Each structure stands twice: as C-alpha cells, then as structure tokens.
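protein22.pdb (PDB, C-alpha atoms and all ligand atoms) appears below.
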```pdb
ATOM      1  CA  MET W   1     -14.235   3.543  34.604
ATOM      2  CA  LYS W   2     -13.252   1.159  31.765
ATOM      3  CA  MET W   3     -10.398  -1.310  32.217
ATOM      4  CA  ASP W   4      -6.964   0.144  31.408
ATOM      5  CA  ILE W   5      -5.767  -1.932  28.445
ATOM      6  CA  ARG W   6      -2.239  -0.591  29.028
ATOM      7  CA  LEU W   7      -2.082  -1.519  32.720
ATOM      8  CA  ALA W   8       0.564  -4.239  32.361
ATOM      9  CA  ALA W   9       2.209  -3.001  29.154
ATOM     10  CA  ALA W  10       2.814   0.660  30.088
ATOM     11  CA  LYS W  11       6.122  -0.040  31.804
ATOM     12  CA  PHE W  12       7.612  -1.223  28.498
ATOM     13  CA  TYR W  13       6.540   1.832  26.468
ATOM     14  CA  ASP W  14       9.603   3.998  27.014
ATOM     15  CA  LEU W  15      11.977   1.144  26.155
ATOM     16  CA  ASN W  16      10.927   1.315  22.493
ATOM     17  CA  PRO W  17      13.996   2.578  20.566
ATOM     18  CA  SER W  18      12.068   3.042  17.325
ATOM     19  CA  VAL W  19       9.653   5.826  18.284
ATOM     20  CA  PRO W  20       9.437   8.631  15.714
ATOM     21  CA  ARG W  21      11.960  11.464  15.861
ATOM     22  CA  ASP W  22       9.084  13.929  16.084
ATOM     23  CA  ILE W  23       9.943  16.109  19.080
ATOM     24  CA  PRO W  24      11.870  18.857  17.172
ATOM     25  CA  PHE W  25       9.027  18.877  14.635
ATOM     26  CA  TYR W  26       6.423  19.679  17.298
ATOM     27  CA  GLN W  27       8.745  22.087  19.114
ATOM     28  CA  ALA W  28       9.143  24.086  15.894
ATOM     29  CA  LEU W  29       5.358  24.380  15.523
ATOM     30  CA  ILE W  30       4.706  25.893  18.949
ATOM     31  CA  PRO W  31       3.777  29.433  17.929
ATOM     32  CA  SER W  32       5.581  31.241  20.774
ATOM     33  CA  HIS W  33       7.032  30.795  24.248
ATOM     34  CA  THR W  34       3.781  32.172  25.675
ATOM     35  CA  ALA W  35       1.632  29.622  23.836
ATOM     36  CA  THR W  36      -0.551  27.025  25.520
ATOM     37  CA  VAL W  37      -0.500  23.456  24.199
ATOM     38  CA  LEU W  38      -2.791  20.453  24.622
ATOM     39  CA  GLU W  39      -1.417  17.002  23.864
ATOM     40  CA  LEU W  40      -4.079  14.382  23.187
ATOM     41  CA  GLY W  41      -2.994  10.884  24.193
ATOM     42  CA  CYS W  42       0.136  12.088  26.001
ATOM     43  CA  GLY W  43       1.036   8.621  27.269
ATOM     44  CA  THR W  44       4.217   8.598  29.356
ATOM     45  CA  GLY W  45       5.021  12.205  28.430
ATOM     46  CA  ARG W  46       7.572  11.297  25.746
ATOM     47  CA  VAL W  47       6.574  14.460  23.835
ATOM     48  CA  THR W  48       4.881  16.438  26.631
ATOM     49  CA  ILE W  49       7.951  16.822  28.810
ATOM     50  CA  PRO W  50      10.398  18.084  26.156
ATOM     51  CA  LEU W  51       7.755  20.502  24.812
ATOM     52  CA  ALA W  52       7.175  21.969  28.268
ATOM     53  CA  SER W  53      10.300  24.148  27.977
ATOM     54  CA  ASP W  54       9.030  25.753  24.756
ATOM     55  CA  CYS W  55       5.627  27.006  25.870
ATOM     56  CA  ARG W  56       3.894  28.729  28.774
ATOM     57  CA  PHE W  57       1.720  25.734  29.627
ATOM     58  CA  ILE W  58       1.117  22.240  28.306
ATOM     59  CA  ARG W  59      -1.637  19.853  29.341
ATOM     60  CA  GLY W  60      -1.525  16.167  28.546
ATOM     61  CA  LEU W  61      -4.714  14.129  28.315
ATOM     62  CA  ASP W  62      -4.711  10.340  28.299
ATOM     63  CA  LEU W  63      -7.128   7.499  28.957
ATOM     64  CA  SER W  64      -4.634   5.173  30.607
ATOM     65  CA  PRO W  65      -3.937   5.647  34.330
ATOM     66  CA  ALA W  66      -0.873   3.396  33.990
ATOM     67  CA  MET W  67       0.653   5.588  31.271
ATOM     68  CA  ILE W  68      -0.231   8.721  33.266
ATOM     69  CA  ASP W  69       1.437   7.350  36.418
ATOM     70  CA  LEU W  70       4.670   6.886  34.476
ATOM     71  CA  CYS W  71       4.325  10.376  32.995
ATOM     72  CA  CYS W  72       3.839  11.895  36.458
ATOM     73  CA  ASP W  73       6.895  10.044  37.824
ATOM     74  CA  LYS W  74       8.980  11.468  34.985
ATOM     75  CA  LEU W  75       7.533  14.940  35.520
ATOM     76  CA  ALA W  76       8.420  14.832  39.201
ATOM     77  CA  ARG W  77      12.049  14.274  38.176
ATOM     78  CA  ALA W  78      12.018  16.823  35.321
ATOM     79  CA  ASN W  79      12.443  19.913  37.496
ATOM     80  CA  LEU W  80      10.130  22.088  35.408
ATOM     81  CA  PRO W  81       8.721  25.393  36.711
ATOM     82  CA  ALA W  82       5.605  24.973  38.866
ATOM     83  CA  GLY W  83       2.387  25.154  36.853
ATOM     84  CA  ARG W  84       4.094  24.488  33.512
ATOM     85  CA  VAL W  85       2.551  21.027  32.943
ATOM     86  CA  ALA W  86      -0.711  19.405  33.953
ATOM     87  CA  ILE W  87      -1.839  15.878  33.184
ATOM     88  CA  THR W  88      -5.489  14.859  33.068
ATOM     89  CA  GLN W  89      -7.033  11.421  32.772
ATOM     90  CA  GLY W  90      -9.782  11.404  30.174
ATOM     91  CA  ASP W  91     -11.010  10.325  26.779
ATOM     92  CA  ILE W  92      -9.879  12.372  23.769
ATOM     93  CA  THR W  93     -13.264  11.730  22.132
ATOM     94  CA  SER W  94     -15.255  13.296  24.953
ATOM     95  CA  PHE W  95     -13.675  15.903  27.218
ATOM     96  CA  ASP W  96     -14.287  19.371  28.573
ATOM     97  CA  LEU W  97     -11.236  20.960  30.138
ATOM     98  CA  GLY W  98     -12.768  24.434  30.509
ATOM     99  CA  GLN W  99      -9.708  25.872  28.795
ATOM    100  CA  ARG W 100      -8.591  26.769  25.264
ATOM    101  CA  PHE W 101      -5.199  26.181  23.682
ATOM    102  CA  ASP W 102      -3.072  27.751  20.937
ATOM    103  CA  LEU W 103      -1.921  24.371  19.689
ATOM    104  CA  ILE W 104      -3.455  20.899  19.984
ATOM    105  CA  ILE W 105      -1.361  17.882  18.991
ATOM    106  CA  ALA W 106      -1.814  14.105  18.984
ATOM    107  CA  PRO W 107       1.642  12.630  18.300
ATOM    108  CA  PHE W 108       2.500   9.031  17.369
ATOM    109  CA  ARG W 109      -0.743   8.082  15.644
ATOM    110  CA  VAL W 110      -2.943   8.435  18.716
ATOM    111  CA  MET W 111      -6.131   9.042  16.724
ATOM    112  CA  GLN W 112      -5.743   5.695  14.929
ATOM    113  CA  ASN W 113      -6.844   4.074  18.199
ATOM    114  CA  LEU W 114     -10.326   5.488  17.519
ATOM    115  CA  LYS W 115     -12.251   2.761  15.757
ATOM    116  CA  SER W 116     -15.712   4.254  15.257
ATOM    117  CA  ASP W 117     -16.973   7.308  13.391
ATOM    118  CA  VAL W 118     -18.716   8.404  16.592
ATOM    119  CA  GLN W 119     -15.350   8.520  18.375
ATOM    120  CA  VAL W 120     -13.702  10.401  15.495
ATOM    121  CA  ASP W 121     -16.584  12.901  15.404
ATOM    122  CA  GLY W 122     -16.168  13.368  19.161
ATOM    123  CA  LEU W 123     -12.443  14.017  18.738
ATOM    124  CA  PHE W 124     -12.997  16.788  16.192
ATOM    125  CA  ARG W 125     -15.810  18.313  18.265
ATOM    126  CA  CYS W 126     -13.583  18.423  21.355
ATOM    127  CA  ILE W 127     -10.646  19.872  19.391
ATOM    128  CA  ARG W 128     -12.878  22.630  18.023
ATOM    129  CA  ASN W 129     -14.193  23.432  21.517
ATOM    130  CA  HIS W 130     -10.672  23.674  22.955
ATOM    131  CA  LEU W 131      -8.857  25.770  20.345
ATOM    132  CA  ALA W 132      -8.173  29.421  21.171
ATOM    133  CA  PRO W 133      -8.866  32.018  18.457
ATOM    134  CA  GLY W 134      -6.158  31.552  15.815
ATOM    135  CA  GLY W 135      -5.202  28.173  17.302
ATOM    136  CA  THR W 136      -4.294  25.151  15.194
ATOM    137  CA  CYS W 137      -4.259  21.420  15.560
ATOM    138  CA  ILE W 138      -1.807  18.822  14.231
ATOM    139  CA  LEU W 139      -3.003  15.268  13.642
ATOM    140  CA  ASN W 140      -0.875  12.288  12.644
ATOM    141  CA  VAL W 141      -1.520   8.811  11.284
ATOM    142  CA  PHE W 142       0.765   6.418   9.395
ATOM    143  CA  ARG W 143       0.638   6.294   5.615
ATOM    144  CA  PRO W 144      -0.731   2.886   4.607
ATOM    145  CA  ALA W 145       1.825   0.660   2.921
ATOM    146  CA  TYR W 146      -0.666  -1.444   0.959
ATOM    147  CA  ALA W 147      -3.570  -0.913  -1.408
ATOM    148  CA  PRO W 148      -7.025  -1.246   0.199
ATOM    149  CA  ASP W 149      -7.578  -4.875  -0.859
ATOM    150  CA  GLU W 150      -4.014  -6.103  -0.138
ATOM    151  CA  TRP W 151      -4.016  -5.999   3.665
ATOM    152  CA  ARG W 152      -5.341  -9.485   4.309
ATOM    153  CA  GLU W 153      -2.908 -11.035   1.879
ATOM    154  CA  ARG W 154       0.152  -8.910   2.663
ATOM    155  CA  TRP W 155      -0.135  -7.461   6.187
ATOM    156  CA  LEU W 156      -1.858 -10.360   7.875
ATOM    157  CA  ALA W 157       0.303 -12.982   6.197
ATOM    158  CA  ARG W 158       3.413 -11.861   8.026
ATOM    159  CA  GLY W 159       2.244 -13.225  11.377
ATOM    160  CA  GLU W 160       4.424 -12.430  14.396
ATOM    161  CA  ARG W 161       7.616 -10.474  13.911
ATOM    162  CA  LEU W 162      10.199  -8.842  16.140
ATOM    163  CA  SER W 163       9.700  -5.064  16.350
ATOM    164  CA  TRP W 164      12.542  -4.238  18.728
ATOM    165  CA  GLU W 165      14.735  -5.685  21.420
ATOM    166  CA  VAL W 166      16.740  -3.855  24.102
ATOM    167  CA  PRO W 167      19.099  -5.034  26.837
ATOM    168  CA  ILE W 168      18.037  -4.369  30.436
ATOM    169  CA  GLU W 169      19.849  -5.156  33.649
ATOM    170  CA  GLY W 170      20.160  -8.939  33.900
ATOM    171  CA  GLY W 171      18.445  -9.651  30.596
ATOM    172  CA  LYS W 172      16.484  -8.058  27.791
ATOM    173  CA  VAL W 173      13.021  -6.964  26.659
ATOM    174  CA  ALA W 174      11.763  -7.854  23.201
ATOM    175  CA  CYS W 175       8.590  -6.545  21.577
ATOM    176  CA  PHE W 176       6.853  -8.569  18.887
ATOM    177  CA  GLU W 177       3.979  -7.464  16.687
ATOM    178  CA  ARG W 178       1.401 -10.209  16.212
ATOM    179  CA  ARG W 179      -1.092  -9.547  13.460
ATOM    180  CA  ILE W 180      -4.482 -10.807  14.563
ATOM    181  CA  ASP W 181      -7.004  -9.530  12.047
ATOM    182  CA  VAL W 182      -7.807  -6.844   9.513
ATOM    183  CA  ASP W 183     -11.136  -5.337   8.538
ATOM    184  CA  GLU W 184     -10.415  -4.154   5.005
ATOM    185  CA  GLN W 185     -13.890  -2.743   4.534
ATOM    186  CA  HIS W 186     -13.718  -0.442   7.560
ATOM    187  CA  ARG W 187      -9.917  -0.041   7.323
ATOM    188  CA  VAL W 188      -9.069  -1.290  10.785
ATOM    189  CA  LEU W 189      -6.034  -3.361  11.778
ATOM    190  CA  TYR W 190      -5.923  -5.503  14.905
ATOM    191  CA  PRO W 191      -2.290  -5.963  15.931
ATOM    192  CA  ASP W 192      -1.170  -7.275  19.309
ATOM    193  CA  LEU W 193       2.064  -6.053  20.841
ATOM    194  CA  VAL W 194       3.694  -8.902  22.735
ATOM    195  CA  TYR W 195       6.320  -7.776  25.247
ATOM    196  CA  ARG W 196       8.670 -10.496  26.500
ATOM    197  CA  ARG W 197      11.064  -9.842  29.372
ATOM    198  CA  TYR W 198      13.960 -12.234  29.758
ATOM    199  CA  GLU W 199      16.143 -12.792  32.804
ATOM    200  CA  GLY W 200      19.300 -14.058  31.211
ATOM    201  CA  ALA W 201      17.984 -16.380  28.520
ATOM    202  CA  THR W 202      14.839 -17.315  30.482
ATOM    203  CA  LEU W 203      11.449 -15.840  29.643
ATOM    204  CA  ALA W 204      10.358 -14.168  32.910
ATOM    205  CA  GLU W 205       7.277 -12.225  31.813
ATOM    206  CA  GLU W 206       4.996 -11.898  28.808
ATOM    207  CA  VAL W 207       2.455  -9.095  28.386
ATOM    208  CA  VAL W 208       0.081  -8.738  25.441
ATOM    209  CA  LEU W 209      -1.410  -5.373  24.432
ATOM    210  CA  HIS W 210      -4.389  -5.685  22.067
ATOM    211  CA  LEU W 211      -4.487  -2.668  19.759
ATOM    212  CA  VAL W 212      -6.912  -1.236  17.251
ATOM    213  CA  MET W 213      -5.413   0.832  14.422
ATOM    214  CA  ARG W 214      -7.803   2.461  11.996
ATOM    215  CA  PHE W 215      -5.905   3.523   8.891
ATOM    216  CA  TYR W 216      -6.356   6.347   6.410
ATOM    217  CA  TYR W 217      -5.045   6.946   2.899
ATOM    218  CA  PRO W 218      -3.643  10.430   2.181
ATOM    219  CA  GLU W 219      -6.713  11.791   0.402
ATOM    220  CA  ALA W 220      -9.132  10.212   2.857
ATOM    221  CA  PHE W 221      -7.243  11.755   5.772
ATOM    222  CA  GLU W 222      -7.507  15.223   4.215
ATOM    223  CA  SER W 223     -11.214  14.664   3.507
ATOM    224  CA  LEU W 224     -11.795  13.508   7.074
ATOM    225  CA  ILE W 225     -10.274  16.706   8.433
ATOM    226  CA  SER W 226     -11.927  19.113   6.007
ATOM    227  CA  GLY W 227     -15.203  17.173   6.295
ATOM    228  CA  HIS W 228     -15.199  17.994  10.005
ATOM    229  CA  GLY W 229     -15.077  21.697   9.177
ATOM    230  CA  PHE W 230     -11.349  22.283   9.534
ATOM    231  CA  GLN W 231      -9.258  24.212   7.052
ATOM    232  CA  ILE W 232      -6.073  22.395   6.118
ATOM    233  CA  LEU W 233      -3.018  24.611   6.463
ATOM    234  CA  LYS W 234      -0.102  22.296   5.813
ATOM    235  CA  GLY W 235       0.802  18.647   5.389
ATOM    236  CA  TRP W 236       3.953  16.587   5.825
ATOM    237  CA  GLY W 237       4.895  13.021   4.959
ATOM    238  CA  GLY W 238       7.279  12.481   7.855
ATOM    239  CA  TYR W 239       9.647  14.171  10.269
ATOM    240  CA  GLU W 240      12.583  14.351   7.836
ATOM    241  CA  GLY W 241      10.985  16.819   5.423
ATOM    242  CA  GLU W 242       9.104  14.262   3.292
ATOM    243  CA  ALA W 243       6.265  15.654   1.187
ATOM    244  CA  TYR W 244       2.683  14.771   2.131
ATOM    245  CA  GLY W 245       1.726  11.439   0.574
ATOM    246  CA  GLU W 246       5.329  10.321   0.064
ATOM    247  CA  GLY W 247       6.831   9.531   3.475
ATOM    248  CA  PRO W 248       5.873   7.032   6.188
ATOM    249  CA  GLU W 249       3.521   9.404   8.024
ATOM    250  CA  LEU W 250       0.575  11.637   7.284
ATOM    251  CA  ILE W 251       0.758  14.800   9.382
ATOM    252  CA  VAL W 252      -1.741  17.612   8.882
ATOM    253  CA  GLN W 253      -2.030  21.008  10.525
ATOM    254  CA  SER W 254      -5.478  22.581  10.367
ATOM    255  CA  LYS W 255      -7.700  25.161  11.992
ATOM    256  CA  PRO W 256     -11.449  25.364  12.443
ATOM    257  CA  GLY W 257     -13.476  26.890   9.635
ATOM    258  CA  GLY W 258     -13.603  26.373   5.900
ATOM    259  CA  MET W 259     -13.693  23.269   3.787
ATOM    260  CA  LYS W 260     -10.613  23.968   1.700
ATOM    261  CA  PRO W 261      -9.504  20.683   0.139
ATOM    262  CA  GLY W 262      -5.888  19.785  -0.545
ATOM    263  CA  VAL W 263      -2.769  20.320   1.501
ATOM    264  CA  GLN W 264       0.098  22.636   0.865
ATOM    265  CA  ALA W 265       3.396  20.786   1.097
ATOM    266  CA  GLY W 266       5.242  21.539   4.313
ATOM    267  CA  SER W 267       8.679  23.044   4.244
TER     268      SER W 267
HETATM  269  C1  LIG W 301       1.155   5.250  20.939
HETATM  270  S1  LIG W 301       0.778   6.009  22.489
HETATM  271  C2  LIG W 301       1.344   7.656  22.138
HETATM  272  C3  LIG W 301       1.779   8.375  23.396
HETATM  273  C4  LIG W 301       2.456   9.721  23.128
HETATM  274  N1  LIG W 301       1.594  10.618  22.369
HETATM  275  C5  LIG W 301       3.754   9.542  22.395
HETATM  276  O1  LIG W 301       3.886  10.087  21.306
HETATM  277  O2  LIG W 301       4.645   8.875  22.914
HETATM  278  C6  LIG W 301      -0.989   6.176  22.379
HETATM  279  C7  LIG W 301      -1.582   6.823  23.633
HETATM  280  O3  LIG W 301      -2.909   7.230  23.313
HETATM  281  C8  LIG W 301      -3.724   6.968  24.428
HETATM  282  N2  LIG W 301      -5.111   6.844  23.969
HETATM  283  C9  LIG W 301      -5.640   5.960  23.092
HETATM  284  N3  LIG W 301      -6.951   6.163  22.949
HETATM  285  C10 LIG W 301      -7.279   7.201  23.768
HETATM  286  C11 LIG W 301      -8.488   7.878  24.069
HETATM  287  N4  LIG W 301      -9.647   7.530  23.505
HETATM  288  N5  LIG W 301      -8.442   8.892  24.958
HETATM  289  C12 LIG W 301      -7.280   9.262  25.546
HETATM  290  N6  LIG W 301      -6.092   8.652  25.295
HETATM  291  C13 LIG W 301      -6.101   7.638  24.423
HETATM  292  C14 LIG W 301      -3.172   5.678  25.001
HETATM  293  O4  LIG W 301      -3.559   5.489  26.353
HETATM  294  C15 LIG W 301      -1.681   5.884  24.810
HETATM  295  O5  LIG W 301      -1.085   6.454  25.941
END
```
Any chance you could put this one into structure tokens?
Ligand SMILES: C[S@@+](CC[C@H](N)C(=O)[O-])C[C@H]1O[C@@H](n2cnc3c(N)ncnc32)[C@H](O)[C@@H]1O
Amino acid sequence: MKMDIRLAAAKFYDLNPSVPRDIPFYQALIPSHTATVLELGCGTGRVTIPLASDCRFIRGLDLSPAMIDLCCDKLARANLPAGRVAITQGDITSFDLGQRFDLIIAPFRVMQNLKSDVQVDGLFRCIRNHLAPGGTCILNVFRPAYAPDEWRERWLARGERLSWEVPIEGGKVACFERRIDVDEQHRVLYPDLVYRRYEGATLAEEVVLHLVMRFYYPEAFESLISGHGFQILKGWGGYEGEAYGEGPELIVQSKPGGMKPGVQAGS
C-alpha cells in the first residue's frame, strides 16, 4: 500500500472553518429516502454522516487510512441505524465495490487530486460501473480565478498566506497555504498546506501536506465529462444558487450515455 500523505495532517481537517456550505445542496439531490449513495473521497465523513439520514445506504470510499479512522470514530458516535453507512479504503480511480448506487458524489473538489489522464479515465470508468439504472453523478472542482497563462505570475507570486486560524484548548491551530509550483501547460497547481499548532504562543507542531490540484475551466470541465460518455444534466456555479461559470465552484450532475454538450443552469 502507498504511503498515506494525510497521515499527520488528517487530525486538522475538521478544524477548517471555511469548508463549503455544500451539505444541504447534496441532501437536496438525493433522489429519495430509499436511495443508495456513494461518496468518492469521503475523508472524515464531513458530508457522509449528515447525508446518512437522507438515504437508505451511503458508502464512503477514501484512499487515506488516517482520514477513514477519523470518519469511523465520528460514525461510532453518530448513533445511526445499523447498516446505514459503510466506509471502504480504496482508490477512486480503480475500485470494484460489487454494488451500484443511485447517486455518486465527490464533494469538495476531490477529483482535482487526480493529476493524470489515466487516473481521470479510471474515475469515470469506475463511476459508470457503479451507477444503478437511472443513477446520476455529481462532480465538483473550483472555478479557476486566473486566465491560463496568469497562474505563474499571479497565483505563485503570493507565496505563503494564512488560510484559517482557530482557537483550541491551550492554544490555536493555524493553516497556511504555501504555493510551491504551477504547471500551466498541464493545468496543475502544487500547493502545500502547512498546519501549525501553538501551545500558548509557542509553536508546538508543524505538519505539511503536499497537494496536487489539477484545475479545469468551465467549458473544459463540461467537455471532460461529456467526452467520457456522460450526458450533462445540470450545472451550478456554487452552493448559493450561482449560475454555472459565474460562482466559485463548478458543479455538474451527469448520467452515463450521450455526448450532449452544454449545461442547463441549475435552479
Ligand atoms: C478535500 S478532502 C474532501 C473530503 C470530503 N469529501 C469532504 O468534502 O470533506 C479530499 C479527500 O479525497 C481523498 N482522495 C484523494 N485522492 C483520492 C483517491 N485517488 N482515491 C480515494 N480518495 C482520494 C483524500 O484522501 C481526502 O480524504
């Protein structure tokens, strides 16, 4: 098994106060209370656990044992009906769960961690193989803030900056984003997240998480999805009703079959 890049950083994940307000969005898209849901890259269960009350069964899949351990601890305390949630360790680009789902989701930009076309192809192949008849999938990436040739000059130039800071007992945790590199040609960012835990004013611990974030422009994201043989059903630009291509996010619901280009604005 590969090294868990989130081993030391996982414990800081749920402290982040600036995660998207996406849970009601996904809850509203669960087709019925008898639906089955698969969450790709479920992490600590931030979305999995609240969605569990709105469906018959939800499975979370994640690569990181450290994130899964935290998810399972939270699940043990969540008092959900037996058999409502299952968590599996695995790679979202190559899995076979022997089960099909009515809805497959990948909240908080999970698929941007996939750097290569081979991985992205694997993701779409696995989604197709795990959707029940009539099932849909919702994918999310951020909407790029800069033009394709501006990243080096504008994104990289900002260096390290504070993302968030929260008080904890006896001190605080601060998370900084350190911008390491950008591959403009292949549209990949290399940010580090630097977590610093302070006891009082003294730095007690520093953990660095090296991330890969492949980015997609609105049209390219649609083409990626339809190019993998999925029919686009709806698109959104964020969780506050923003139109596709206008808000901070790109969120697309699709289903297998058809190459219909263009998204219909979400309501
Ligand atoms: C930003 S977190 C999102 C977690 C959760 N979806 C949420 O919204 O809070 C990204 C998660 O994707 C997982 N991940 C990244 N690449 C993966 C892969 N190839 N297979 C499975 N999980 C992956 C990471 O381990 C991490 O838990």
Excluding same-chain residues fewer than 6 positions from Asp117 (chain W), what lies within 12 Å of it counting only C-alpha atoms, as an mmCIF file with C-alpha atoms, in the frame of the given file?
```
data_model
loop_
_atom_site.group_PDB
_atom_site.id
_atom_site.type_symbol
_atom_site.label_atom_id
_atom_site.label_comp_id
_atom_site.auth_asym_id
_atom_site.auth_seq_id
_atom_site.Cartn_x
_atom_site.Cartn_y
_atom_site.Cartn_z
ATOM 1 C CA THR W 93 -13.264 11.730 22.132
ATOM 2 C CA MET W 111 -6.131 9.042 16.724
ATOM 3 C CA LEU W 123 -12.443 14.017 18.738
ATOM 4 C CA PHE W 124 -12.997 16.788 16.192
ATOM 5 C CA HIS W 186 -13.718 -0.442 7.560
ATOM 6 C CA ARG W 187 -9.917 -0.041 7.323
ATOM 7 C CA VAL W 188 -9.069 -1.290 10.785
ATOM 8 C CA ARG W 214 -7.803 2.461 11.996
ATOM 9 C CA LEU W 224 -11.795 13.508 7.074
ATOM 10 C CA HIS W 228 -15.199 17.994 10.005
#
```
Given the PyMOL selection byres (((not hetatm)) within 10 of (chain W and resi 301)), the residues it picks as a PyMOL selection string = chain W and resi 4-7+10+13-14+16+19-23+39-48+60-68+71+88-95+105-115+119-120+122-123+211-212
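Taking all atoms listed in the file into account, Pro218 (chain W) lies nearest to W:Glu249 out of the set W:Glu206, W:Glu249, W:Glu242, W:Asp102.
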Nearest to Leu250 (chain W) by atom-to-atom distance, counting only C-alpha atoms, from W:His210, W:Arg143, W:Arg161, W:Arg77 = W:Arg143
Work out how far CA of Asp69 (chain W) is from CA of Val173 (chain W), in Å to one decimal.
->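 Separating CA of Val173 (chain W) from CA of Asp69 (chain W) is a distance of 20.8 Å.
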Taking only C-alpha atoms into account, which of W:Leu70, W:Leu38, W:Ile87, W:Ala174 comes nearest Ile104 (chain W)?
->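 When distances to Ile104 (chain W) are compared using only C-alpha atoms, the smallest one comes from W:Leu38.
For the structure shown here, the set of residues caught by the PyMOL selection byres (((chain W and resi 192) around 8) and not hetatm) is Glu177, Arg178, Arg179, Ile180, Tyr190, Pro191, Leu193, Val194, Val208, Leu209, His210 and Leu211 of chain W.
The nearest approach to Gly135 (chain W) among the residues W:Phe101, W:Leu15, W:Gly237, W:Gln231, with only C-alpha atoms taken into account, belongs to W:Phe101.
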Separation of CA of Leu97 (chain W) from CA of Arg56 (chain W) in Å = 17.1 Å
State, in Å with one decimal place, the distance from CA of Met213 (chain W) to CA of Pro50 (chain W).
->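 Computing it gives 26.2 Å between the two atoms.
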Name all residues at most 12 Å from Leu203 (chain W) (count all atoms listed in the file; drop same-chain ones fewer than 6 positions away) and give them as a ChimeraX atom specification.
-> /W:170-174,195-197
Ground truth for the PyMOL selection byres (((chain W and resi 31-36) around 10) and not hetatm), written as a PyMOL selection string | chain W and resi 27-30+37-38+52-59+84+99-104+131-132+135-136
Among listed residues W:Ile251, W:Val85, W:Tyr198, W:Tyr146, nearest Val166 (chain W) (using only C-alpha atoms) =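 Using only C-alpha atoms, the shortest distance to Val166 (chain W) belongs to W:Tyr198.
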Return the padded bounding box of region 59-71 of chain W as AutoDock Vina command-line options: axis-aligned, built from all atoms listed in the file, 8 Å added on each side, with centre and edge lengths in Å to one decimal.
```
--center_x -1.2 --center_y 11.6 --center_z 32.4 --size_x 27.8 --size_y 32.5 --size_z 24.1
```
Nearest to Glu219 (chain W) among W:Ser163, W:Ser254, W:Pro144, W:Leu156, with distances taken over only C-alpha atoms: which residue is it?
-> W:Pro144
